[in-house]
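Asks: Okay, so here is target-v7.txt, and as you'll see once you scroll down, it has compact mmCIF, C-alpha atoms and all ligand atoms.
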# COMPACT_ATOMS: atom_id res chain seq x y z
CA MET Y 1 -0.89 -12.37 17.99
CA SER Y 2 -1.84 -15.51 16.11
CA ALA Y 3 -1.70 -15.75 12.34
CA THR Y 4 -5.47 -15.42 12.15
CA THR Y 5 -5.57 -12.01 13.78
CA ALA Y 6 -2.39 -10.41 12.47
CA PHE Y 7 -3.71 -9.80 8.95
CA ALA Y 8 -6.91 -8.58 7.42
CA ARG Y 9 -8.36 -11.63 5.68
CA ASN Y 10 -10.88 -11.70 2.86
CA GLN Y 11 -8.91 -9.01 1.09
CA TRP Y 12 -7.05 -8.62 -2.19
CA TYR Y 13 -3.27 -8.20 -1.90
CA VAL Y 14 -0.65 -7.48 -4.52
CA ALA Y 15 1.52 -10.60 -4.74
CA ALA Y 16 3.72 -9.60 -7.67
CA TYR Y 17 4.18 -7.36 -10.65
CA SER Y 18 2.90 -8.80 -13.93
CA GLN Y 19 6.44 -8.82 -15.28
CA GLU Y 20 7.55 -11.12 -12.43
CA VAL Y 21 5.04 -13.85 -13.25
CA GLY Y 22 5.98 -15.97 -16.23
CA GLU Y 23 7.46 -19.31 -17.16
CA GLU Y 24 9.40 -19.63 -13.91
CA LEU Y 25 7.77 -20.70 -10.66
CA LEU Y 26 7.76 -17.70 -8.32
CA ALA Y 27 7.50 -18.22 -4.56
CA ARG Y 28 5.80 -15.51 -2.49
CA THR Y 29 4.47 -15.60 1.03
CA ILE Y 30 1.38 -13.43 1.50
CA CYS Y 31 -0.15 -13.00 4.96
CA GLY Y 32 1.76 -16.06 6.11
CA GLU Y 33 0.52 -18.21 3.23
CA PRO Y 34 3.17 -19.67 0.90
CA ILE Y 35 2.03 -19.31 -2.72
CA VAL Y 36 3.58 -20.36 -6.02
CA LEU Y 37 2.82 -18.09 -8.95
CA TYR Y 38 3.26 -18.80 -12.65
CA ARG Y 39 1.70 -18.07 -16.00
CA THR Y 40 -0.01 -20.74 -18.08
CA THR Y 41 0.67 -21.04 -21.80
CA ASP Y 42 -2.50 -19.06 -22.57
CA GLY Y 43 -1.13 -16.19 -20.48
CA THR Y 44 -3.24 -16.61 -17.34
CA ALA Y 45 -1.55 -15.90 -14.01
CA VAL Y 46 -2.07 -18.72 -11.51
CA GLY Y 47 -1.49 -18.90 -7.76
CA LEU Y 48 -1.42 -22.24 -5.93
CA ALA Y 49 -0.56 -23.13 -2.36
CA ASP Y 50 3.18 -23.69 -2.44
CA ARG Y 51 3.10 -27.01 -0.60
CA CYS Y 52 2.67 -30.41 -2.14
CA VAL Y 53 -0.26 -32.13 -0.43
CA HIS Y 54 1.92 -35.23 0.04
CA ARG Y 55 4.95 -34.20 2.12
CA ARG Y 56 4.71 -30.39 1.92
CA TYR Y 57 7.55 -29.97 -0.55
CA PRO Y 58 7.50 -26.43 -2.05
CA LEU Y 59 6.01 -26.61 -5.52
CA SER Y 60 8.03 -23.49 -6.35
CA MET Y 61 11.14 -25.69 -6.12
CA SER Y 62 9.64 -28.09 -8.63
CA ARG Y 63 9.31 -28.03 -12.41
CA ARG Y 64 6.61 -27.39 -14.94
CA ASP Y 65 5.24 -29.85 -17.43
CA GLY Y 66 3.25 -27.59 -19.73
CA ASP Y 67 0.69 -25.90 -17.52
CA ARG Y 68 1.11 -28.49 -14.79
CA ILE Y 69 3.53 -28.53 -11.88
CA VAL Y 70 5.37 -31.77 -11.14
CA CYS Y 71 6.44 -31.87 -7.49
CA GLY Y 72 10.23 -32.04 -7.36
CA TYR Y 73 10.17 -34.52 -4.48
CA HIS Y 74 7.88 -37.43 -5.49
CA GLY Y 75 6.23 -36.34 -8.73
CA PHE Y 76 2.71 -35.46 -7.59
CA THR Y 77 1.38 -33.49 -10.56
CA TYR Y 78 -1.02 -30.58 -10.32
CA GLU Y 79 -3.26 -28.73 -12.74
CA PRO Y 80 -3.56 -24.91 -12.60
CA SER Y 81 -6.85 -25.57 -10.75
CA GLY Y 82 -4.87 -27.24 -7.97
CA ALA Y 83 -6.27 -30.68 -8.81
CA CYS Y 84 -3.76 -33.51 -8.61
CA VAL Y 85 -3.78 -35.58 -11.80
CA TYR Y 86 -0.92 -37.96 -11.12
CA VAL Y 87 0.61 -39.67 -8.12
CA PRO Y 88 3.58 -42.03 -8.39
CA ALA Y 89 3.25 -45.77 -8.78
CA GLN Y 90 -0.50 -46.09 -8.41
CA THR Y 91 -3.58 -45.35 -10.48
CA ARG Y 92 -5.94 -44.29 -7.70
CA ILE Y 93 -5.60 -40.62 -6.94
CA PRO Y 94 -6.83 -39.87 -3.40
CA ARG Y 95 -9.85 -37.59 -3.32
CA THR Y 96 -8.04 -35.11 -1.08
CA ALA Y 97 -5.12 -34.81 -3.48
CA ARG Y 98 -5.38 -31.16 -4.44
CA VAL Y 99 -3.73 -27.93 -3.39
CA PRO Y 100 -5.74 -24.78 -2.82
CA ALA Y 101 -5.88 -22.42 -5.80
CA TYR Y 102 -5.97 -18.72 -5.01
CA PRO Y 103 -8.31 -16.34 -6.79
CA VAL Y 104 -6.02 -14.15 -8.92
CA VAL Y 105 -6.75 -10.89 -10.71
CA GLU Y 106 -4.20 -9.33 -13.00
CA GLN Y 107 -4.92 -5.70 -13.65
CA ASP Y 108 -2.92 -2.51 -14.25
CA THR Y 109 0.35 -4.55 -14.29
CA LEU Y 110 -0.33 -5.89 -10.80
CA VAL Y 111 -1.05 -9.48 -9.81
CA TRP Y 112 -3.52 -9.51 -6.92
CA VAL Y 113 -4.36 -12.60 -4.89
CA TRP Y 114 -7.31 -13.09 -2.60
CA ILE Y 115 -6.38 -14.08 0.94
CA GLY Y 116 -9.42 -15.55 2.62
CA ASP Y 117 -12.43 -17.63 1.70
CA PRO Y 118 -12.40 -18.02 -2.11
CA GLU Y 119 -16.22 -17.95 -2.09
CA ASN Y 120 -16.09 -14.29 -1.09
CA ALA Y 121 -13.60 -13.16 -3.73
CA ASP Y 122 -15.10 -10.54 -6.04
CA PRO Y 123 -12.73 -9.38 -8.80
CA ALA Y 124 -14.73 -6.16 -9.05
CA ASP Y 125 -13.36 -5.17 -5.63
CA VAL Y 126 -9.78 -4.99 -6.88
CA PRO Y 127 -8.89 -1.29 -6.88
CA ARG Y 128 -7.76 0.31 -10.12
CA VAL Y 129 -4.37 1.99 -10.56
CA PRO Y 130 -4.78 3.16 -14.14
CA TRP Y 131 -1.53 5.16 -14.56
CA LEU Y 132 0.56 2.01 -14.22
CA ASP Y 133 -0.64 0.87 -17.62
CA ALA Y 134 -2.07 3.92 -19.39
CA PRO Y 135 -0.79 5.70 -22.49
CA GLY Y 136 0.73 9.05 -21.61
CA TRP Y 137 2.37 7.73 -18.46
CA THR Y 138 5.75 6.21 -17.69
CA THR Y 139 6.38 4.11 -14.58
CA VAL Y 140 9.48 3.04 -12.71
CA ARG Y 141 9.15 0.45 -9.97
CA GLY Y 142 10.78 -1.93 -7.57
CA MET Y 143 10.13 -4.16 -4.59
CA GLU Y 144 12.02 -4.23 -1.34
CA PRO Y 145 11.50 -6.92 1.29
CA LEU Y 146 11.07 -5.26 4.66
CA ALA Y 147 12.11 -6.92 7.93
CA ALA Y 148 9.34 -5.06 9.68
CA ARG Y 149 5.60 -5.48 10.21
CA TYR Y 150 3.40 -3.88 7.57
CA GLY Y 151 1.80 -1.48 10.05
CA LEU Y 152 5.10 0.35 10.31
CA LEU Y 153 5.09 1.02 6.57
CA VAL Y 154 1.50 2.26 6.79
CA ASP Y 155 2.48 4.65 9.61
CA ASN Y 156 5.46 5.81 7.58
CA LEU Y 157 3.52 6.57 4.41
CA MET Y 158 0.59 8.26 6.14
CA ASP Y 159 2.82 10.89 7.71
CA LEU Y 160 4.92 12.53 5.02
CA SER Y 161 6.34 15.09 7.42
CA HIS Y 162 9.09 12.48 7.85
CA GLU Y 163 10.29 13.42 4.35
CA THR Y 164 11.85 16.53 5.84
CA TYR Y 165 14.01 14.56 8.27
CA LEU Y 166 14.58 11.16 6.70
CA HIS Y 167 14.66 12.18 3.03
CA GLY Y 168 16.22 15.63 3.04
CA GLY Y 169 18.06 16.30 -0.24
CA TYR Y 170 15.75 13.96 -2.18
CA ILE Y 171 12.05 14.62 -1.70
CA GLY Y 172 12.10 16.40 1.65
CA THR Y 173 12.11 20.17 2.06
CA PRO Y 174 11.39 22.18 5.24
CA GLU Y 175 7.91 23.11 4.01
CA VAL Y 176 6.59 19.55 4.00
CA ALA Y 177 6.65 19.42 7.79
CA GLU Y 178 5.27 22.95 8.08
CA THR Y 179 2.22 22.90 5.80
CA PRO Y 180 -1.37 22.40 6.99
CA ILE Y 181 -2.93 19.01 6.36
CA THR Y 182 -6.51 17.89 6.07
CA THR Y 183 -7.34 14.30 6.93
CA GLU Y 184 -10.52 12.60 5.80
CA VAL Y 185 -11.94 9.22 6.57
CA ASP Y 186 -14.40 8.10 3.93
CA GLU Y 187 -16.26 5.22 5.54
CA ASP Y 188 -18.31 4.34 2.44
CA ALA Y 189 -15.31 4.08 0.15
CA GLY Y 190 -13.06 2.61 2.86
CA ILE Y 191 -10.39 5.23 2.22
CA VAL Y 192 -8.25 7.56 4.31
CA ARG Y 193 -7.18 10.76 2.58
CA VAL Y 194 -4.50 13.17 3.73
CA SER Y 195 -4.03 16.32 1.75
CA ARG Y 196 -1.23 18.85 1.93
CA ARG Y 197 -1.20 21.84 -0.46
CA MET Y 198 2.08 23.77 -0.46
CA LYS Y 199 2.25 27.15 -2.17
CA ASP Y 200 5.37 28.90 -3.44
CA VAL Y 201 7.87 26.41 -2.02
CA GLU Y 202 11.27 25.08 -2.84
CA CYS Y 203 11.36 22.32 -5.45
CA PRO Y 204 13.20 19.25 -4.13
CA PRO Y 205 15.86 17.71 -6.41
CA PHE Y 206 13.64 14.70 -7.10
CA TYR Y 207 11.17 16.92 -8.96
CA ALA Y 208 13.50 19.72 -10.11
CA ARG Y 209 15.69 17.32 -12.07
CA SER Y 210 12.86 15.21 -13.44
CA THR Y 211 10.38 17.94 -14.43
CA GLY Y 212 12.95 20.56 -15.40
CA ILE Y 213 11.03 23.21 -13.43
CA ALA Y 214 13.71 25.64 -12.29
CA GLY Y 215 11.99 28.04 -9.88
CA ARG Y 216 9.66 27.79 -6.95
CA ILE Y 217 6.64 25.54 -7.15
CA ASP Y 218 3.19 24.78 -5.88
CA ARG Y 219 3.30 21.24 -4.59
CA TRP Y 220 0.27 19.16 -3.73
CA GLN Y 221 0.39 15.88 -1.89
CA ASP Y 222 -2.91 14.05 -1.84
CA ILE Y 223 -2.68 10.69 -0.15
CA GLU Y 224 -5.31 8.08 -0.71
CA TYR Y 225 -4.90 4.93 1.35
CA ARG Y 226 -7.25 2.07 0.76
CA PRO Y 227 -6.59 -0.47 3.52
CA PRO Y 228 -5.11 -2.91 3.64
CA CYS Y 229 -2.87 -2.95 0.58
CA LEU Y 230 -3.10 0.04 -1.74
CA TYR Y 231 -1.51 3.42 -1.03
CA GLN Y 232 -1.39 6.20 -3.59
CA LEU Y 233 0.17 9.62 -3.30
CA HIS Y 234 -1.19 11.91 -6.00
CA SER Y 235 1.60 14.42 -6.35
CA ARG Y 236 1.13 17.64 -8.35
CA ILE Y 237 4.06 19.90 -9.16
CA ALA Y 238 3.63 23.19 -11.01
CA PRO Y 239 5.46 26.50 -11.32
CA THR Y 240 4.06 28.57 -8.50
CA GLY Y 241 0.77 30.26 -9.38
CA VAL Y 242 -0.16 27.79 -12.12
CA GLU Y 243 -3.62 26.50 -11.22
CA PRO Y 244 -5.80 23.89 -12.90
CA GLY Y 245 -8.22 25.43 -15.40
CA PRO Y 246 -11.88 25.96 -14.48
CA ASP Y 247 -12.81 22.82 -16.42
CA GLY Y 248 -10.26 20.81 -14.44
CA ASP Y 249 -7.72 20.88 -17.27
CA ASP Y 250 -4.39 20.58 -15.49
CA ARG Y 251 -2.00 19.95 -18.35
CA ALA Y 252 0.21 22.85 -17.30
CA ALA Y 253 1.22 20.90 -14.19
CA CYS Y 254 3.33 17.79 -13.73
CA HIS Y 255 1.76 14.81 -12.02
CA ALA Y 256 3.49 11.94 -10.30
CA GLU Y 257 1.58 9.04 -8.89
CA ILE Y 258 3.56 7.46 -6.09
CA VAL Y 259 2.01 4.05 -5.58
CA TYR Y 260 2.77 1.50 -2.90
CA ALA Y 261 1.38 -1.96 -2.43
CA ILE Y 262 1.85 -2.80 1.22
CA THR Y 263 1.68 -6.57 1.38
CA PRO Y 264 2.19 -8.39 4.67
CA GLU Y 265 4.51 -11.34 4.15
CA THR Y 266 4.65 -12.63 7.71
CA GLU Y 267 3.76 -10.98 11.00
CA HIS Y 268 7.16 -9.33 11.06
CA THR Y 269 8.05 -8.92 7.39
CA THR Y 270 6.49 -7.02 4.51
CA LEU Y 271 6.74 -6.79 0.73
CA ASP Y 272 7.21 -3.13 -0.12
CA PHE Y 273 6.14 -2.69 -3.76
CA TRP Y 274 6.90 0.86 -4.89
CA MET Y 275 6.02 2.55 -8.15
CA VAL Y 276 6.45 6.05 -9.51
CA SER Y 277 4.26 6.94 -12.50
CA ARG Y 278 4.54 10.29 -14.24
CA ASP Y 279 2.82 12.23 -16.99
CA PHE Y 280 5.90 14.35 -17.77
CA ALA Y 281 9.12 13.36 -19.56
CA VAL Y 282 7.12 10.38 -20.78
CA GLY Y 283 9.39 7.74 -22.21
CA ASP Y 284 12.53 9.73 -21.35
CA GLU Y 285 14.98 7.05 -20.26
CA GLU Y 286 17.36 9.39 -18.54
CA VAL Y 287 14.55 10.72 -16.34
CA SER Y 288 13.35 7.17 -15.70
CA GLU Y 289 16.83 6.16 -14.63
CA TYR Y 290 17.13 9.18 -12.35
CA LEU Y 291 13.71 8.68 -10.73
CA ALA Y 292 14.26 4.94 -10.29
CA THR Y 293 17.63 5.50 -8.62
CA SER Y 294 16.43 8.38 -6.42
CA ASN Y 295 13.27 6.66 -5.36
CA HIS Y 296 15.14 3.46 -4.60
CA THR Y 297 17.43 5.50 -2.34
CA VAL Y 298 14.42 7.04 -0.60
CA VAL Y 299 12.76 3.64 -0.17
CA MET Y 300 15.97 2.23 1.31
CA GLN Y 301 16.14 5.11 3.79
CA ASP Y 302 12.69 4.03 4.96
CA VAL Y 303 13.62 0.34 4.93
CA VAL Y 304 16.60 0.95 7.22
CA ALA Y 305 14.50 3.06 9.58
CA LEU Y 306 11.58 0.63 9.70
CA ASN Y 307 13.80 -2.43 10.14
CA ALA Y 308 15.37 -0.68 13.13
CA LEU Y 309 11.91 0.15 14.52
CA GLU Y 310 10.83 -3.46 14.18
CA GLN Y 311 13.80 -4.51 16.33
CA VAL Y 312 12.88 -1.91 18.92
CA ILE Y 313 9.24 -2.96 19.05
CA ALA Y 314 10.00 -6.69 19.06
CA ALA Y 315 12.33 -6.25 22.04
CA GLU Y 316 10.19 -3.99 24.22
CA PRO Y 317 7.89 -5.12 26.99
CA ALA Y 318 4.17 -5.16 26.19
CA GLY Y 319 2.10 -2.10 26.92
CA TYR Y 320 4.46 0.63 25.71
CA GLN Y 321 2.57 3.90 25.65
CA GLU Y 322 3.16 5.78 22.39
CA LEU Y 323 2.75 9.51 22.10
CA SER Y 324 0.69 10.83 19.18
CA ILE Y 325 0.62 14.43 18.02
CA ASN Y 326 -1.14 16.34 15.27
CA ILE Y 327 1.04 14.96 12.44
CA ASP Y 328 -0.30 11.50 13.32
CA THR Y 329 -3.91 12.32 12.49
CA GLY Y 330 -3.81 10.36 9.21
CA GLY Y 331 -1.79 7.47 10.60
CA LEU Y 332 -4.23 7.03 13.47
CA ALA Y 333 -7.15 6.93 11.03
CA ALA Y 334 -5.38 4.29 8.92
CA ARG Y 335 -4.63 2.15 11.96
CA ARG Y 336 -8.24 2.29 13.07
CA MET Y 337 -9.49 1.22 9.63
CA LEU Y 338 -7.00 -1.66 9.55
CA ARG Y 339 -8.11 -2.75 13.02
CA ASP Y 340 -11.71 -2.79 11.84
CA LEU Y 341 -10.78 -5.14 8.99
CA LEU Y 342 -9.31 -7.77 11.33
CA MET R 343 -15.58 7.44 -5.00
CA THR R 344 -16.38 10.13 -2.43
CA GLY R 345 -19.00 8.79 -0.07
CA THR R 346 -21.30 10.68 2.23
CA THR R 347 -19.95 9.25 5.46
CA VAL R 348 -16.88 11.42 5.70
CA TYR R 349 -15.10 12.51 8.87
CA ARG R 350 -12.64 15.36 8.47
CA ILE R 351 -9.88 16.80 10.63
CA VAL R 352 -8.20 20.03 9.60
CA TRP R 353 -4.90 21.09 11.11
CA SER R 354 -2.80 24.15 10.54
CA PRO R 355 0.70 23.58 11.86
CA GLY R 356 1.75 26.45 14.03
CA SER R 357 -1.74 26.82 15.42
CA ASP R 358 -1.50 23.50 17.29
CA ARG R 359 -5.27 23.23 17.04
CA LEU R 360 -7.23 20.53 15.24
CA VAL R 361 -10.77 20.99 14.03
CA GLY R 362 -12.90 17.91 13.52
CA VAL R 363 -16.02 18.01 11.34
CA CYS R 364 -18.49 15.14 11.22
CA HIS R 365 -20.69 14.32 8.22
CA CYS R 366 -23.68 15.29 10.38
CA GLY R 367 -22.35 18.82 10.67
CA ALA R 368 -21.12 18.62 14.26
CA ASP R 369 -17.68 20.08 14.85
CA GLN R 370 -15.16 20.13 17.63
CA GLU R 371 -11.78 21.68 18.34
CA ALA R 372 -9.07 19.73 20.11
CA ASP R 373 -5.33 19.52 20.52
CA ASP R 374 -5.07 15.73 20.58
CA PRO R 375 -5.84 13.66 17.46
CA VAL R 376 -6.53 10.49 19.46
CA ARG R 377 -9.30 12.13 21.47
CA LEU R 378 -10.65 13.99 18.45
CA TRP R 379 -11.01 10.78 16.41
CA GLN R 380 -12.80 9.22 19.38
CA TRP R 381 -15.17 12.16 19.47
CA LEU R 382 -15.83 12.03 15.70
CA LEU R 383 -16.30 8.28 15.45
CA ALA R 384 -18.77 8.33 18.34
CA HIS R 385 -21.27 9.70 15.80
CA PRO R 386 -24.21 10.16 16.31
CA GLU R 387 -23.39 10.40 20.03
CA HIS R 388 -20.91 13.30 20.02
CA GLU R 389 -20.29 14.06 23.66
CA ALA R 390 -19.25 17.35 25.15
CA MET R 391 -15.47 17.35 25.20
CA ASP R 392 -12.93 19.37 27.12
CA ASP R 393 -10.87 20.56 24.15
CA ARG R 394 -7.61 21.16 26.05
CA GLU R 395 -5.43 18.49 27.54
FE FE P 401 9.76 7.81 3.55
ZN ZN P 402 -21.85 13.24 13.70
Would it be possible to restate this file's structure as structure tokens?
Replies:
Amino acid sequence: MSATTAFARNQWYVAAYSQEVGEELLARTICGEPIVLYRTTDGTAVGLADRCVHRRYPLSMSRRDGDRIVCGYHGFTYEPSGACVYVPAQTRIPRTARVPAYPVVEQDTLVWVWIGDPENADPADVPRVPWLDAPGWTTVRGMEPLAARYGLLVDNLMDLSHETYLHGGYIGTPEVAETPITTEVDEDAGIVRVSRRMKDVECPPFYARSTGIAGRIDRWQDIEYRPPCLYQLHSRIAPTGVEPGPDGDDRAACHAEIVYAITPETEHTTLDFWMVSRDFAVGDEEVSEYLATSNHTVVMQDVVALNALEQVIAAEPAGYQELSINIDTGGLAARRMLRDLL
Amino acid sequence: MTGTTVYRIVWSPGSDRLVGVCHCGADQEADDPVRLWQWLLAHPEHEAMDDRE
């Protein structure tokens, strides 16, 4: 595959968390494109191509002069717009002296960049993830670099029956792999949904310790994947038998929003942004610490598995015939939508 | 956010059977998700399908 077909272009991708973008120059590669991110003095997040137009030196290894970047190799100086305003030892600045500036949208604590033709970038298309930044919610988060292609993370997250085998003792219980699922493809919204509603089941430690619910639970897992980048698992945990009220009031239940931004870095590596937002134990630092540690463990179990899979796939001859069964219904739908975006 | 062009597949583990329902109302049973997605996404040309492998 060439770089032009490996990734869905003309799409918004999460490049960083808001908290990562500041004074320092942050280097990120998104869909094979090296980008330097920083925040101007007025607070605006900026993304420029991370290569000086002169001799390709990474601007991320350079220094700032106010809102400008001064290339650390020969001093070419760039505005946040990408325009070069200074070259060494001469007054004429070549017309082509500019680096591409990426459309950036910062919203809900996420910094999204547009990969594709800047003309087509519409900030209104950036999906909302309100719980990351809403009162009444607390979020823990992290980012793990994955030495595996992003499609493997999509497969992984679309089929949560793997929780039972890979994450037993954390979020997996036998019922996850045994409960009916409904898969929906919403072509208008560009979303794949997989829903699993478990009744009267064991509460895994991840939720027992964080919610304080002692007995058996009703556990809902409603996945919403919006290709290519945004995956959300709307997780509802309630003492068994507790239903939402007729008006939709569901305050008697605990809600966790498990959010992933699946950002291709290169054809064979991925940035795995993971977030856990909750509307229970809000602001409780002990619970935050527990959920952050547990979820990091769970994410690392996936990272190890997917890195191993990448090695397997990279080494095998072309044309390997996979076997798909019923649990793959959602994963197959996600793959098809991703293919259609290429 | 829910559109009108929705394809749905329902599966009850243990039954081994999948039921696909198209937004046009057509439905089909199958025991292979690959073939069932093909059948659904062929809308509006849903072809007769042998529902067992
Ligand atoms: Fe996992
Ligand atoms: Zn149809």
Asks: Of the candidates R:Pro375, R:Gly367, R:Pro386, R:Gly362, which shows the shortest atom-to-atom distance to chain Y, using only C-alpha atoms?
Replies: R:Pro375
Asks: What is the distance, in Å and to one decimal place, between CA of Ala97 in chain Y and CA of Val53 in chain Y?
Replies: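 Distance reported for this atom pair: 6.3 Å.
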Asks: Pick out the residues sitting within 9 Å of Trp353 in chain R, and hand them over as a list in words; count all atoms listed in the file, and ignore anything fewer than 5 positions along from it in its own chain.
Replies: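 Once the nearby chain positions are removed, what remains is Pro180, Ile181, Thr182, Thr183, Asn326, Ile327 and Thr329 of chain Y; Asp358, Arg359, Leu360, Val361 and Gly362 of chain R.
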Asks: Applying 12 Å and only C-alpha atoms, which residues near Trp379 in chain R remain after dropping the ones on its own chain fewer than 4 positions away? List them as a count of residues only.
Replies: 35
Asks: Could you tell me how far CA of Asp108 in chain Y sits from CA of Asp133 in chain Y, in Å to one decimal place?
Replies: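 Pair CA of Asp133 in chain Y / CA of Asp108 in chain Y returns 5.3 Å.
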Asks: As an exercise, work out the distance from CA of Tyr78 in chain Y to CA of Asp42 in chain Y in Å and give it to one decimal place.
Replies: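 Computing it gives 16.9 Å between the two atoms.
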Asks: Can you pull out every residue with an atom within 8 Å of ligand FE 401 (chain P)? Use all atoms listed in the file and format it as a list in words.
Replies: Asn156, Leu157, Leu160, His162, Glu163, Leu166, His167, Val298, Val299, Gln301 and Asp302 of chain Y
Asks: Can you sort out the box for range 122-131 of chain Y, edges along x, y and z, all listed atoms in, 4 Å on every side, with centre and edge lengths in Å to one decimal, as AutoDock Vina command-line options?
Replies:
--center_x -8.3 --center_y -2.7 --center_z -10.1 --size_x 21.6 --size_y 23.7 --size_z 16.9
Asks: Mind listing as a PyMOL selection string all residues within 12 Å of (-10.3, -27.4, -13.9), counting all atoms listed in the file?
Replies: chain Y and resi 67-68+78-85+98+101
Asks: Using only C-alpha atoms, which residues sit within 10 Å of Pro118 in chain Y once same-chain residues fewer than 2 positions away are excluded, as number ranges by chain?
Replies: Y: 10, 100-103, 114-116, 120-122
Asks: Sorted by chain and rising residue number, which residues of range 74-143 of chain Y lie within 12 Å of range 243-267 of chain Y, and what are their closest atom pairs and distances in Å to one decimal, counting all atoms listed in the file, as CSV?
Replies:
residue,atom,partner,partner_atom,distance
Y:Asp108,CA,Y:Val259,CA,11.9
Y:Leu110,CA,Y:Ala261,CA,9.4
Y:Val111,CA,Y:Ala261,CA,10.8
Y:Trp112,CA,Y:Ala261,CA,10.1
Y:Val113,CA,Y:Thr263,CA,10.6
Y:Trp114,CA,Y:Thr263,CA,11.8
Y:Ile115,CA,Y:Pro264,CA,10.9
Y:Pro127,CA,Y:Ala261,CA,11.2
Y:Arg128,CA,Y:Val259,CA,11.4
Y:Val129,CA,Y:Val259,CA,8.4
Y:Pro130,CA,Y:Glu257,CA,10.1
Y:Trp131,CA,Y:Glu257,CA,7.5
Y:Leu132,CA,Y:Glu257,CA,8.9
Y:Gly136,CA,Y:His255,CA,11.2
Y:Trp137,CA,Y:Ala256,CA,9.3
Y:Thr138,CA,Y:Ala256,CA,9.6
Y:Thr139,CA,Y:Glu257,CA,8.9
Y:Val140,CA,Y:Ile258,CA,9.9
Y:Arg141,CA,Y:Val259,CA,9.1
Y:Gly142,CA,Y:Tyr260,CA,9.9
Y:Met143,CA,Y:Ala261,CA,9.3
Asks: Hey, which of R:Thr347, R:Arg377, R:Glu389, R:His365 ends up closest to ligand ZN 402 (chain P)? Count all atoms listed in the file.
Replies: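 Among the listed residues, R:His365 lies closest to ligand ZN 402 (chain P).
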Asks: Which one is closest to chain R: Y:Ile69, Y:Leu25, Y:Ala6, Y:Ile325? Count all atoms listed in the file.
Replies: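 Answer, going by the shortest atom-to-atom distance: Y:Ile325.
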Asks: Between R:Ala368, R:Val348, R:Ser354, R:Ala390, which residue has the minimum interatomic distance to ligand ZN 402 (chain P), considering all atoms listed in the file?
Replies: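 Nearest candidate to ligand ZN 402 (chain P) out of R:Ala368, R:Val348, R:Ser354, R:Ala390: R:Ala368.
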Asks: Measuring between all atoms listed in the file, which one of Y:Thr293, Y:Thr96, Y:Ser62, Y:Ser324 shows the shortest distance to chain R?
Replies: Y:Ser324
Asks: Need the shell around Gly212 in chain Y: protein/DNA/RNA residues with any atom at most 12 Å away, counting only C-alpha atoms. Skip same-chain ones fewer than 5 positions apart. Format as a ChimeraX atom specification?
Replies: /Y:203-207,217,237-239,253-254,280-281,287
Asks: Could you check which of R:Val376, R:Trp381, R:Glu387, R:Cys366 is closest to chain Y, using all atoms listed in the file?
Replies: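 Looking only at the distances to chain Y, the closest residue turns out to be R:Val376.
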Asks: Which residues come within 10 Å of Gly43 in chain Y, counting only C-alpha atoms, excluding same-chain residues fewer than 4 positions away, as a PDB file with C-alpha atoms, keeping the file's coordinate frame?
Replies:
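As written to disk, selection_28.pdb reads:
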ATOM      1  CA  VAL Y  21       5.040 -13.850 -13.250  1.00  0.00           C
ATOM      2  CA  GLY Y  22       5.980 -15.970 -16.230  1.00  0.00           C
ATOM      3  CA  GLU Y  23       7.460 -19.310 -17.160  1.00  0.00           C
ATOM      4  CA  TYR Y  38       3.260 -18.800 -12.650  1.00  0.00           C
ATOM      5  CA  ARG Y  39       1.700 -18.070 -16.000  1.00  0.00           C
TER       6      ARG Y  39
END
Asks: Would you save range 349-357 of chain R to a file, keeping N, CA and C atoms, as a CSV table (one decimal), in the first residue's frame?
Replies:
chain,number,residue,atom,x,y,z
R,349,TYR,N,-28.8,-0.1,8.6
R,349,TYR,CA,-28.8,-1.6,8.4
R,349,TYR,C,-28.6,-2.2,9.8
R,350,ARG,N,-29.3,-3.2,10.1
R,350,ARG,CA,-29.2,-3.8,11.5
R,350,ARG,C,-29.0,-5.3,11.4
R,351,ILE,N,-28.1,-5.8,12.2
R,351,ILE,CA,-27.9,-7.3,12.4
R,351,ILE,C,-28.1,-7.6,13.9
R,352,VAL,N,-29.0,-8.5,14.1
R,352,VAL,CA,-29.2,-8.9,15.5
R,352,VAL,C,-28.7,-10.3,15.7
R,353,TRP,N,-28.0,-10.6,16.8
R,353,TRP,CA,-27.4,-11.9,17.0
R,353,TRP,C,-27.6,-12.3,18.5
R,354,SER,N,-28.1,-13.4,18.7
R,354,SER,CA,-28.2,-14.0,20.0
R,354,SER,C,-27.2,-15.1,20.2
R,355,PRO,N,-26.1,-14.9,20.9
R,355,PRO,CA,-25.2,-16.0,21.1
R,355,PRO,C,-25.9,-17.2,21.6
R,356,GLY,N,-25.4,-18.4,21.2
R,356,GLY,CA,-26.1,-19.6,21.6
R,356,GLY,C,-27.0,-20.0,20.5
R,357,SER,N,-27.7,-19.1,19.8
R,357,SER,CA,-28.5,-19.5,18.7
R,357,SER,C,-27.7,-19.7,17.4
